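J.: Here's a structure for you.
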Amino acid sequence: QVQLVESGGGLVQPGGSLRLSCAASGSIGSIGVMGWYRQAPGKQRELVARITSTGSTNYADSVKGRFTISRDNAKNTVYLQMNSLKAEDTAVYYCNADTPFSRYWGQGTQVTVSS
């Protein structure tokens, strides 16, 4: 079992920045890819960014150049630095971790971009 706890969400003005964190605990040695997804009201959950255990990354087209995913394996934590935030980035952001057998999710953290 893997437990994921997100933090760092909140209210920010358009153009502002936020940094999300996700701390993993439990069977962390089995974790491979970690990522961030988001779900806006009335929409499906979508991939924002993900990172492998060796640091390879990929991003949704909508966040390329604005968001950066990183990972500290020593702290079992994955981060999402979000810059130049837009109203359309408003959503609940979920951390995810994949093991060879399961996919785990955090509880989600709300990000609201509004003036």
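Naming scheme: A, B, ... for chains in displayed order of the structure tokens; residues 1 onward per chain; ligands 1 onward as shown.
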Env of A:Glu6: 10 Å cut, atoms = only C-alpha atoms, seq-sep filter 5 positions within chain, self excluded. Answer as a ChimeraX atom specification.
T.: /A:20-24,77-79,93-96,105-110
J.: Suppose we keep C-alpha atoms; can you now write the selection as a short mmCIF file (atom, residue, chain, number, x, y, z; two decimals), in the first residue's frame?
T.:
```cif
data_model
loop_
_atom_site.label_atom_id
_atom_site.label_comp_id
_atom_site.auth_asym_id
_atom_site.auth_seq_id
_atom_site.Cartn_x
_atom_site.Cartn_y
_atom_site.Cartn_z
CA LEU A 20 2.04 21.64 -4.98
CA SER A 21 3.71 18.89 -2.97
CA CYS A 22 2.84 15.22 -2.65
CA ALA A 23 4.46 13.09 0.04
CA ALA A 24 4.41 9.33 -0.37
CA THR A 77 8.00 13.66 -2.59
CA VAL A 78 6.88 14.92 -5.96
CA TYR A 79 6.31 18.60 -6.69
CA TYR A 93 -5.30 18.48 -8.42
CA TYR A 94 -4.57 14.86 -7.57
CA CYS A 95 -1.24 13.20 -7.01
CA ASN A 96 -0.83 9.69 -8.34
CA TRP A 105 -4.30 8.51 -5.59
CA GLY A 106 -4.09 11.31 -3.08
CA GLN A 107 -7.15 13.04 -1.69
CA GLY A 108 -6.77 16.06 -3.95
CA THR A 109 -6.04 19.71 -3.36
CA GLN A 110 -8.07 22.60 -4.73
#
```
J.: Run DSSP on the backbone and grab whatever in chain A lands in strand (DSSP E or B); send it over as a compact mmCIF listing (two decimals) with all heavy atoms, in the first residue's frame.
T.:
```txt
# COMPACT_ATOMS: atom_id res chain seq x y z
N VAL A 2 0.39 2.24 -0.71
CA VAL A 2 1.05 3.54 -0.77
C VAL A 2 0.04 4.60 -0.37
O VAL A 2 -1.11 4.59 -0.82
CB VAL A 2 1.58 3.83 -2.20
CG1 VAL A 2 2.11 5.25 -2.29
CG2 VAL A 2 2.65 2.82 -2.59
N GLN A 3 0.48 5.51 0.50
CA GLN A 3 -0.36 6.64 0.89
C GLN A 3 0.26 7.92 0.31
O GLN A 3 1.47 8.10 0.35
CB GLN A 3 -0.47 6.76 2.41
CG GLN A 3 -1.19 5.59 3.07
CD GLN A 3 -0.30 4.35 3.21
OE1 GLN A 3 0.86 4.44 3.58
NE2 GLN A 3 -0.86 3.19 2.91
N LEU A 4 -0.61 8.76 -0.23
CA LEU A 4 -0.18 10.02 -0.84
C LEU A 4 -0.92 11.18 -0.19
O LEU A 4 -2.15 11.14 -0.07
CB LEU A 4 -0.48 10.02 -2.34
CG LEU A 4 0.16 8.89 -3.16
CD1 LEU A 4 -0.41 8.88 -4.57
CD2 LEU A 4 1.67 9.02 -3.18
N VAL A 5 -0.17 12.19 0.22
CA VAL A 5 -0.78 13.37 0.85
C VAL A 5 -0.31 14.62 0.11
O VAL A 5 0.89 14.92 0.07
CB VAL A 5 -0.40 13.46 2.33
CG1 VAL A 5 -1.01 14.71 2.95
CG2 VAL A 5 -0.86 12.22 3.08
N GLU A 6 -1.29 15.33 -0.48
CA GLU A 6 -0.97 16.55 -1.22
C GLU A 6 -1.08 17.77 -0.33
O GLU A 6 -1.83 17.77 0.66
CB GLU A 6 -1.93 16.74 -2.41
CG GLU A 6 -1.95 15.62 -3.42
CD GLU A 6 -3.23 14.83 -3.38
OE1 GLU A 6 -3.85 14.77 -2.30
OE2 GLU A 6 -3.62 14.28 -4.43
N SER A 7 -0.37 18.81 -0.70
CA SER A 7 -0.48 20.10 -0.03
C SER A 7 -0.09 21.20 -1.00
O SER A 7 0.51 20.91 -2.05
CB SER A 7 0.40 20.15 1.22
OG SER A 7 1.76 19.96 0.87
N GLY A 10 -4.63 26.35 -3.23
CA GLY A 10 -5.16 27.58 -2.69
C GLY A 10 -5.72 28.48 -3.77
O GLY A 10 -5.92 28.05 -4.91
N LEU A 11 -5.94 29.72 -3.39
CA LEU A 11 -6.48 30.74 -4.29
C LEU A 11 -5.33 31.64 -4.75
O LEU A 11 -4.56 32.13 -3.91
CB LEU A 11 -7.54 31.56 -3.57
CG LEU A 11 -8.09 32.78 -4.31
CD1 LEU A 11 -8.85 32.36 -5.56
CD2 LEU A 11 -9.00 33.59 -3.37
N VAL A 12 -5.26 31.87 -6.05
CA VAL A 12 -4.20 32.70 -6.60
C VAL A 12 -4.77 33.52 -7.75
O VAL A 12 -5.72 33.09 -8.43
CB VAL A 12 -3.01 31.83 -7.07
CG1 VAL A 12 -3.40 30.90 -8.20
CG2 VAL A 12 -1.81 32.68 -7.44
N LEU A 18 1.90 28.82 -7.85
CA LEU A 18 1.70 27.94 -6.70
C LEU A 18 2.62 26.74 -6.85
O LEU A 18 2.97 26.36 -7.97
CB LEU A 18 0.26 27.43 -6.63
CG LEU A 18 -0.83 28.33 -6.05
CD1 LEU A 18 -2.20 27.65 -6.19
CD2 LEU A 18 -0.56 28.69 -4.60
N ARG A 19 2.97 26.15 -5.73
CA ARG A 19 3.76 24.92 -5.74
C ARG A 19 3.01 23.86 -4.95
O ARG A 19 2.75 24.04 -3.76
CB ARG A 19 5.13 25.15 -5.12
CG ARG A 19 6.08 23.97 -5.26
CD ARG A 19 7.28 24.14 -4.36
NE ARG A 19 8.38 23.25 -4.70
CZ ARG A 19 9.30 22.86 -3.84
NH1 ARG A 19 9.27 23.28 -2.58
NH2 ARG A 19 10.28 22.07 -4.23
N LEU A 20 2.69 22.78 -5.63
CA LEU A 20 2.04 21.64 -4.98
C LEU A 20 3.09 20.61 -4.57
O LEU A 20 4.09 20.41 -5.28
CB LEU A 20 1.03 20.99 -5.91
CG LEU A 20 -0.05 21.89 -6.51
CD1 LEU A 20 -1.01 21.05 -7.36
CD2 LEU A 20 -0.80 22.65 -5.44
N SER A 21 2.84 19.97 -3.45
CA SER A 21 3.71 18.89 -2.97
C SER A 21 2.88 17.65 -2.73
O SER A 21 1.70 17.74 -2.37
CB SER A 21 4.41 19.30 -1.67
OG SER A 21 5.21 20.44 -1.84
N CYS A 22 3.50 16.50 -2.91
CA CYS A 22 2.84 15.22 -2.65
C CYS A 22 3.85 14.31 -1.98
O CYS A 22 4.84 13.92 -2.60
CB CYS A 22 2.32 14.61 -3.93
SG CYS A 22 1.68 12.93 -3.75
N ALA A 23 3.58 13.97 -0.73
CA ALA A 23 4.46 13.09 0.04
C ALA A 23 3.93 11.68 0.03
O ALA A 23 2.75 11.45 0.35
CB ALA A 23 4.59 13.61 1.46
N ALA A 24 4.79 10.74 -0.32
CA ALA A 24 4.41 9.33 -0.37
C ALA A 24 4.94 8.60 0.86
O ALA A 24 6.02 8.91 1.35
CB ALA A 24 4.96 8.68 -1.63
N SER A 25 4.17 7.63 1.33
CA SER A 25 4.59 6.78 2.45
C SER A 25 4.05 5.38 2.21
O SER A 25 3.21 5.17 1.34
CB SER A 25 4.10 7.35 3.79
OG SER A 25 2.69 7.41 3.81
N GLY A 26 4.55 4.44 2.97
CA GLY A 26 4.12 3.05 2.80
C GLY A 26 5.13 2.29 1.95
O GLY A 26 6.34 2.42 2.16
N MET A 34 5.29 8.74 -11.02
CA MET A 34 4.40 9.58 -10.21
C MET A 34 3.91 10.73 -11.09
O MET A 34 4.60 11.13 -12.04
CB MET A 34 5.11 10.13 -8.98
CG MET A 34 5.57 9.05 -8.03
SD MET A 34 6.22 9.71 -6.48
CE MET A 34 4.68 10.23 -5.66
N GLY A 35 2.74 11.22 -10.76
CA GLY A 35 2.22 12.27 -11.61
C GLY A 35 1.19 13.13 -10.92
O GLY A 35 0.81 12.88 -9.77
N TRP A 36 0.77 14.15 -11.64
CA TRP A 36 -0.30 15.04 -11.21
C TRP A 36 -1.41 15.03 -12.26
O TRP A 36 -1.13 15.13 -13.46
CB TRP A 36 0.21 16.47 -11.03
CG TRP A 36 1.11 16.65 -9.85
CD1 TRP A 36 2.46 16.60 -9.84
CD2 TRP A 36 0.71 16.89 -8.50
NE1 TRP A 36 2.94 16.80 -8.56
CE2 TRP A 36 1.87 16.99 -7.72
CE3 TRP A 36 -0.53 17.05 -7.87
CZ2 TRP A 36 1.85 17.23 -6.34
CZ3 TRP A 36 -0.56 17.30 -6.51
CH2 TRP A 36 0.62 17.38 -5.76
N TYR A 37 -2.61 14.89 -11.80
CA TYR A 37 -3.81 14.97 -12.63
C TYR A 37 -4.69 16.09 -12.07
O TYR A 37 -4.50 16.52 -10.93
CB TYR A 37 -4.57 13.65 -12.61
CG TYR A 37 -3.90 12.53 -13.36
CD1 TYR A 37 -2.73 11.95 -12.89
CD2 TYR A 37 -4.45 12.03 -14.55
CE1 TYR A 37 -2.11 10.92 -13.58
CE2 TYR A 37 -3.84 11.00 -15.25
CZ TYR A 37 -2.68 10.45 -14.76
OH TYR A 37 -2.08 9.43 -15.44
N ARG A 38 -5.64 16.52 -12.86
CA ARG A 38 -6.58 17.52 -12.36
C ARG A 38 -7.98 17.25 -12.91
O ARG A 38 -8.14 16.64 -13.96
CB ARG A 38 -6.13 18.94 -12.72
CG ARG A 38 -6.16 19.26 -14.19
CD ARG A 38 -5.55 20.64 -14.43
NE ARG A 38 -5.57 21.00 -15.85
CZ ARG A 38 -4.97 22.08 -16.34
NH1 ARG A 38 -4.30 22.90 -15.54
NH2 ARG A 38 -5.03 22.34 -17.64
N GLN A 39 -8.95 17.72 -12.15
CA GLN A 39 -10.34 17.55 -12.57
C GLN A 39 -11.09 18.84 -12.26
O GLN A 39 -11.21 19.22 -11.09
CB GLN A 39 -10.99 16.36 -11.87
CG GLN A 39 -12.37 16.05 -12.39
CD GLN A 39 -12.87 14.69 -11.93
OE1 GLN A 39 -12.35 14.10 -10.97
NE2 GLN A 39 -13.85 14.15 -12.63
N GLU A 46 -7.83 14.70 -15.99
CA GLU A 46 -6.85 14.71 -17.06
C GLU A 46 -5.44 14.75 -16.50
O GLU A 46 -5.19 15.31 -15.43
CB GLU A 46 -7.07 15.91 -17.99
CG GLU A 46 -6.90 17.26 -17.31
CD GLU A 46 -7.03 18.43 -18.28
OE1 GLU A 46 -7.30 18.20 -19.48
OE2 GLU A 46 -6.84 19.58 -17.83
N LEU A 47 -4.52 14.19 -17.28
CA LEU A 47 -3.12 14.22 -16.91
C LEU A 47 -2.58 15.64 -17.05
O LEU A 47 -2.82 16.31 -18.05
CB LEU A 47 -2.31 13.28 -17.79
CG LEU A 47 -0.79 13.34 -17.63
CD1 LEU A 47 -0.38 12.77 -16.28
CD2 LEU A 47 -0.11 12.59 -18.76
N VAL A 48 -1.83 16.08 -16.03
CA VAL A 48 -1.13 17.36 -16.09
C VAL A 48 0.34 17.12 -16.40
O VAL A 48 0.89 17.69 -17.34
CB VAL A 48 -1.26 18.13 -14.76
CG1 VAL A 48 -0.45 19.41 -14.81
CG2 VAL A 48 -2.73 18.42 -14.46
N ALA A 49 0.98 16.27 -15.61
CA ALA A 49 2.40 15.98 -15.80
C ALA A 49 2.74 14.71 -15.06
O ALA A 49 2.07 14.36 -14.08
CB ALA A 49 3.27 17.13 -15.28
N ARG A 50 3.79 14.03 -15.51
CA ARG A 50 4.25 12.85 -14.79
C ARG A 50 5.76 12.73 -14.93
O ARG A 50 6.37 13.30 -15.84
CB ARG A 50 3.56 11.58 -15.28
CG ARG A 50 3.70 11.28 -16.74
CD ARG A 50 2.83 10.09 -17.10
NE ARG A 50 2.86 9.81 -18.52
CZ ARG A 50 2.10 8.90 -19.11
NH1 ARG A 50 1.25 8.18 -18.40
NH2 ARG A 50 2.19 8.70 -20.40
N ILE A 51 6.32 11.97 -14.00
CA ILE A 51 7.77 11.85 -13.93
C ILE A 51 8.13 10.43 -13.52
O ILE A 51 7.53 9.85 -12.62
CB ILE A 51 8.36 12.90 -12.94
CG1 ILE A 51 9.88 12.86 -12.93
CG2 ILE A 51 7.79 12.72 -11.53
CD1 ILE A 51 10.51 14.06 -12.22
N THR A 57 10.26 13.23 -17.89
CA THR A 57 8.98 13.91 -17.67
C THR A 57 8.18 14.03 -18.95
O THR A 57 8.72 13.99 -20.05
CB THR A 57 9.20 15.33 -17.12
OG1 THR A 57 9.98 16.08 -18.07
CG2 THR A 57 9.93 15.31 -15.79
N ASN A 58 6.87 14.17 -18.80
CA ASN A 58 6.05 14.62 -19.90
C ASN A 58 4.88 15.43 -19.35
O ASN A 58 4.49 15.26 -18.18
CB ASN A 58 5.58 13.48 -20.80
CG ASN A 58 4.66 12.51 -20.13
OD1 ASN A 58 5.07 11.75 -19.29
ND2 ASN A 58 3.39 12.54 -20.52
N TYR A 59 4.36 16.31 -20.19
CA TYR A 59 3.37 17.30 -19.79
C TYR A 59 2.21 17.36 -20.76
O TYR A 59 2.37 17.10 -21.95
CB TYR A 59 4.00 18.70 -19.75
CG TYR A 59 5.12 18.87 -18.75
CD1 TYR A 59 6.44 18.59 -19.09
CD2 TYR A 59 4.85 19.31 -17.46
CE1 TYR A 59 7.46 18.73 -18.18
CE2 TYR A 59 5.87 19.48 -16.53
CZ TYR A 59 7.17 19.19 -16.90
OH TYR A 59 8.18 19.34 -15.99
N PHE A 67 4.29 24.85 -16.26
CA PHE A 67 4.37 23.96 -15.10
C PHE A 67 5.65 23.12 -15.17
O PHE A 67 6.09 22.75 -16.25
CB PHE A 67 3.18 23.01 -15.07
CG PHE A 67 1.85 23.64 -14.77
CD1 PHE A 67 1.67 25.02 -14.74
CD2 PHE A 67 0.74 22.84 -14.51
CE1 PHE A 67 0.43 25.59 -14.47
CE2 PHE A 67 -0.50 23.39 -14.24
CZ PHE A 67 -0.64 24.77 -14.23
N THR A 68 6.18 22.80 -13.99
CA THR A 68 7.34 21.94 -13.92
C THR A 68 7.14 20.90 -12.84
O THR A 68 6.84 21.25 -11.68
CB THR A 68 8.62 22.75 -13.59
OG1 THR A 68 8.82 23.75 -14.59
CG2 THR A 68 9.84 21.83 -13.55
N ILE A 69 7.28 19.64 -13.21
CA ILE A 69 7.19 18.56 -12.24
C ILE A 69 8.60 18.14 -11.84
O ILE A 69 9.52 18.12 -12.67
CB ILE A 69 6.39 17.35 -12.80
CG1 ILE A 69 6.10 16.33 -11.71
CG2 ILE A 69 7.09 16.72 -14.00
CD1 ILE A 69 5.11 15.23 -12.14
N SER A 70 8.78 17.84 -10.56
CA SER A 70 10.08 17.38 -10.08
C SER A 70 9.85 16.36 -8.98
O SER A 70 8.74 16.23 -8.45
CB SER A 70 10.93 18.55 -9.59
OG SER A 70 10.29 19.21 -8.51
N ARG A 71 10.92 15.68 -8.65
CA ARG A 71 10.79 14.57 -7.71
C ARG A 71 12.04 14.50 -6.84
O ARG A 71 13.16 14.58 -7.36
CB ARG A 71 10.61 13.28 -8.52
CG ARG A 71 10.42 12.01 -7.76
CD ARG A 71 10.00 10.93 -8.75
NE ARG A 71 9.86 9.64 -8.13
CZ ARG A 71 9.31 8.58 -8.71
NH1 ARG A 71 8.86 8.69 -9.95
NH2 ARG A 71 9.22 7.43 -8.09
N ASP A 72 11.84 14.34 -5.55
CA ASP A 72 12.94 14.14 -4.60
C ASP A 72 12.78 12.74 -4.04
O ASP A 72 11.97 12.50 -3.14
CB ASP A 72 12.87 15.20 -3.50
CG ASP A 72 14.06 15.16 -2.56
OD1 ASP A 72 14.67 14.06 -2.44
OD2 ASP A 72 14.37 16.17 -1.95
N THR A 77 8.92 12.55 -2.32
CA THR A 77 8.00 13.66 -2.59
C THR A 77 8.09 14.08 -4.05
O THR A 77 9.18 14.11 -4.62
CB THR A 77 8.32 14.85 -1.67
OG1 THR A 77 8.20 14.43 -0.30
CG2 THR A 77 7.36 16.00 -1.92
N VAL A 78 6.94 14.38 -4.62
CA VAL A 78 6.88 14.92 -5.96
C VAL A 78 6.26 16.30 -5.88
O VAL A 78 5.37 16.55 -5.06
CB VAL A 78 6.09 14.00 -6.92
CG1 VAL A 78 4.64 13.87 -6.50
CG2 VAL A 78 6.21 14.46 -8.36
N TYR A 79 6.75 17.21 -6.72
CA TYR A 79 6.31 18.60 -6.69
C TYR A 79 5.74 19.00 -8.05
O TYR A 79 6.11 18.44 -9.08
CB TYR A 79 7.49 19.52 -6.37
CG TYR A 79 8.21 19.19 -5.09
CD1 TYR A 79 9.36 18.39 -5.10
CD2 TYR A 79 7.75 19.64 -3.86
CE1 TYR A 79 10.02 18.08 -3.94
CE2 TYR A 79 8.42 19.34 -2.68
CZ TYR A 79 9.55 18.55 -2.73
OH TYR A 79 10.21 18.24 -1.56
N LEU A 80 4.88 19.99 -8.03
CA LEU A 80 4.40 20.61 -9.26
C LEU A 80 4.49 22.12 -9.08
O LEU A 80 3.70 22.70 -8.31
CB LEU A 80 2.97 20.19 -9.58
CG LEU A 80 2.44 20.69 -10.92
CD1 LEU A 80 3.19 20.00 -12.08
CD2 LEU A 80 0.93 20.43 -11.06
N GLN A 81 5.44 22.72 -9.75
CA GLN A 81 5.58 24.18 -9.74
C GLN A 81 4.72 24.73 -10.87
O GLN A 81 4.91 24.38 -12.03
CB GLN A 81 7.03 24.60 -9.93
CG GLN A 81 7.24 26.09 -10.00
CD GLN A 81 6.94 26.79 -8.68
OE1 GLN A 81 7.33 26.32 -7.62
NE2 GLN A 81 6.23 27.92 -8.76
N MET A 82 3.77 25.58 -10.51
CA MET A 82 2.83 26.11 -11.48
C MET A 82 3.01 27.63 -11.58
O MET A 82 2.81 28.34 -10.58
CB MET A 82 1.39 25.78 -11.07
CG MET A 82 1.15 24.29 -10.86
SD MET A 82 -0.57 23.89 -10.52
CE MET A 82 -0.78 24.67 -8.92
N ALA A 91 -9.02 23.77 -10.73
CA ALA A 91 -9.41 22.36 -10.66
C ALA A 91 -8.97 21.79 -9.31
O ALA A 91 -8.22 22.44 -8.57
CB ALA A 91 -8.76 21.56 -11.78
N VAL A 92 -9.42 20.58 -9.06
CA VAL A 92 -8.84 19.80 -7.97
C VAL A 92 -7.66 19.02 -8.57
O VAL A 92 -7.82 18.33 -9.58
CB VAL A 92 -9.86 18.83 -7.34
CG1 VAL A 92 -9.20 18.00 -6.25
CG2 VAL A 92 -11.04 19.61 -6.78
N TYR A 93 -6.51 19.14 -7.94
CA TYR A 93 -5.30 18.48 -8.42
C TYR A 93 -5.03 17.25 -7.57
O TYR A 93 -5.01 17.33 -6.33
CB TYR A 93 -4.13 19.45 -8.37
CG TYR A 93 -4.15 20.46 -9.49
CD1 TYR A 93 -5.12 21.46 -9.53
CD2 TYR A 93 -3.24 20.40 -10.54
CE1 TYR A 93 -5.17 22.37 -10.57
CE2 TYR A 93 -3.27 21.31 -11.58
CZ TYR A 93 -4.24 22.29 -11.59
OH TYR A 93 -4.29 23.19 -12.63
N TYR A 94 -4.81 16.14 -8.24
CA TYR A 94 -4.57 14.86 -7.57
C TYR A 94 -3.17 14.34 -7.88
O TYR A 94 -2.74 14.33 -9.05
CB TYR A 94 -5.58 13.82 -8.05
CG TYR A 94 -7.01 14.13 -7.72
CD1 TYR A 94 -7.82 14.84 -8.61
CD2 TYR A 94 -7.58 13.70 -6.52
CE1 TYR A 94 -9.15 15.12 -8.31
CE2 TYR A 94 -8.90 13.97 -6.22
CZ TYR A 94 -9.67 14.68 -7.12
OH TYR A 94 -10.99 14.95 -6.81
N CYS A 95 -2.51 13.89 -6.86
CA CYS A 95 -1.24 13.20 -7.01
C CYS A 95 -1.50 11.73 -7.27
O CYS A 95 -2.48 11.16 -6.73
CB CYS A 95 -0.43 13.38 -5.73
SG CYS A 95 1.14 12.53 -5.68
N ASN A 96 -0.65 11.11 -8.06
CA ASN A 96 -0.83 9.69 -8.34
C ASN A 96 0.53 8.99 -8.34
O ASN A 96 1.56 9.61 -8.66
CB ASN A 96 -1.57 9.54 -9.68
CG ASN A 96 -0.88 8.68 -10.67
OD1 ASN A 96 0.00 9.13 -11.42
ND2 ASN A 96 -1.25 7.41 -10.69
N ALA A 97 0.52 7.73 -7.96
CA ALA A 97 1.73 6.91 -7.96
C ALA A 97 1.40 5.54 -8.51
O ALA A 97 0.38 4.94 -8.11
CB ALA A 97 2.31 6.80 -6.55
N ASP A 98 2.22 5.07 -9.41
CA ASP A 98 2.03 3.74 -10.01
C ASP A 98 3.07 2.77 -9.47
O ASP A 98 4.25 3.09 -9.41
CB ASP A 98 2.16 3.82 -11.53
CG ASP A 98 0.97 4.50 -12.18
OD1 ASP A 98 -0.10 4.57 -11.53
OD2 ASP A 98 1.11 4.97 -13.32
N ARG A 103 -2.42 1.43 -8.87
CA ARG A 103 -2.34 2.88 -9.03
C ARG A 103 -2.96 3.51 -7.78
O ARG A 103 -4.07 3.12 -7.38
CB ARG A 103 -3.08 3.33 -10.29
CG ARG A 103 -3.32 4.83 -10.37
CD ARG A 103 -3.67 5.27 -11.78
NE ARG A 103 -2.48 5.30 -12.61
CZ ARG A 103 -2.48 5.80 -13.85
NH1 ARG A 103 -3.59 6.29 -14.37
NH2 ARG A 103 -1.38 5.81 -14.56
N TYR A 104 -2.27 4.44 -7.21
CA TYR A 104 -2.72 5.09 -5.98
C TYR A 104 -2.97 6.57 -6.23
O TYR A 104 -2.31 7.19 -7.08
CB TYR A 104 -1.68 4.93 -4.86
CG TYR A 104 -1.45 3.49 -4.48
CD1 TYR A 104 -0.46 2.74 -5.09
CD2 TYR A 104 -2.24 2.87 -3.51
CE1 TYR A 104 -0.24 1.41 -4.76
CE2 TYR A 104 -2.04 1.56 -3.16
CZ TYR A 104 -1.04 0.82 -3.79
OH TYR A 104 -0.84 -0.48 -3.45
N TRP A 105 -3.92 7.11 -5.45
CA TRP A 105 -4.30 8.51 -5.59
C TRP A 105 -4.29 9.21 -4.23
O TRP A 105 -4.63 8.59 -3.20
CB TRP A 105 -5.71 8.63 -6.17
CG TRP A 105 -5.83 8.10 -7.56
CD1 TRP A 105 -6.22 6.86 -7.94
CD2 TRP A 105 -5.56 8.81 -8.77
NE1 TRP A 105 -6.20 6.75 -9.31
CE2 TRP A 105 -5.79 7.95 -9.85
CE3 TRP A 105 -5.13 10.12 -9.05
CZ2 TRP A 105 -5.62 8.32 -11.18
CZ3 TRP A 105 -4.95 10.49 -10.38
CH2 TRP A 105 -5.21 9.60 -11.41
N THR A 109 -6.17 18.38 -3.93
CA THR A 109 -6.04 19.71 -3.36
C THR A 109 -6.60 20.72 -4.36
O THR A 109 -6.33 20.64 -5.56
CB THR A 109 -4.57 20.03 -2.99
OG1 THR A 109 -4.49 21.30 -2.34
CG2 THR A 109 -3.66 20.04 -4.21
N GLN A 110 -7.39 21.64 -3.86
CA GLN A 110 -8.07 22.60 -4.73
C GLN A 110 -7.14 23.73 -5.13
O GLN A 110 -6.47 24.33 -4.28
CB GLN A 110 -9.30 23.19 -4.02
CG GLN A 110 -10.05 24.25 -4.82
CD GLN A 110 -10.78 23.69 -6.01
OE1 GLN A 110 -11.46 22.67 -5.91
NE2 GLN A 110 -10.66 24.35 -7.16
N VAL A 111 -7.11 24.01 -6.42
CA VAL A 111 -6.41 25.18 -6.95
C VAL A 111 -7.45 26.06 -7.64
O VAL A 111 -8.15 25.60 -8.54
CB VAL A 111 -5.31 24.79 -7.94
CG1 VAL A 111 -4.74 26.02 -8.63
CG2 VAL A 111 -4.20 24.02 -7.22
N THR A 112 -7.55 27.29 -7.20
CA THR A 112 -8.50 28.24 -7.79
C THR A 112 -7.73 29.46 -8.27
O THR A 112 -7.01 30.09 -7.49
CB THR A 112 -9.56 28.67 -6.76
OG1 THR A 112 -10.26 27.50 -6.29
CG2 THR A 112 -10.57 29.62 -7.39
N VAL A 113 -7.89 29.75 -9.55
CA VAL A 113 -7.23 30.92 -10.16
C VAL A 113 -8.32 31.94 -10.48
O VAL A 113 -9.14 31.72 -11.37
CB VAL A 113 -6.44 30.54 -11.42
CG1 VAL A 113 -5.69 31.75 -11.95
CG2 VAL A 113 -5.49 29.39 -11.13
```
J.: When DSSP is applied to the backbone of this structure, which of stretch 2-106 of chain A are assigned helix (DSSP H, G or I)? Write them out as a PyMOL selection string.
T.: chain A and resi 28-30+61-63+87-89
J.: For each of A:Thr52, A:Ala87, A:Val63, A:Ile31, take the minimum atom-to-atom distance to A:Phe101, counting only C-alpha atoms, then give the residue where this is smallest.
T.: A:Ile31
J.: Mind giving me the straight-line distance from atom CA of A:Arg66 to atom CA of A:Glu88 in Å, one decimal?
T.: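 It comes out at 13.0 Å.
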J.: What is the distance between atom CA of A:Thr90 and atom CA of A:Pro14, in Å to one decimal?
T.: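 According to the coordinates, atom CA of A:Thr90 and atom CA of A:Pro14 are separated by 10.2 Å.
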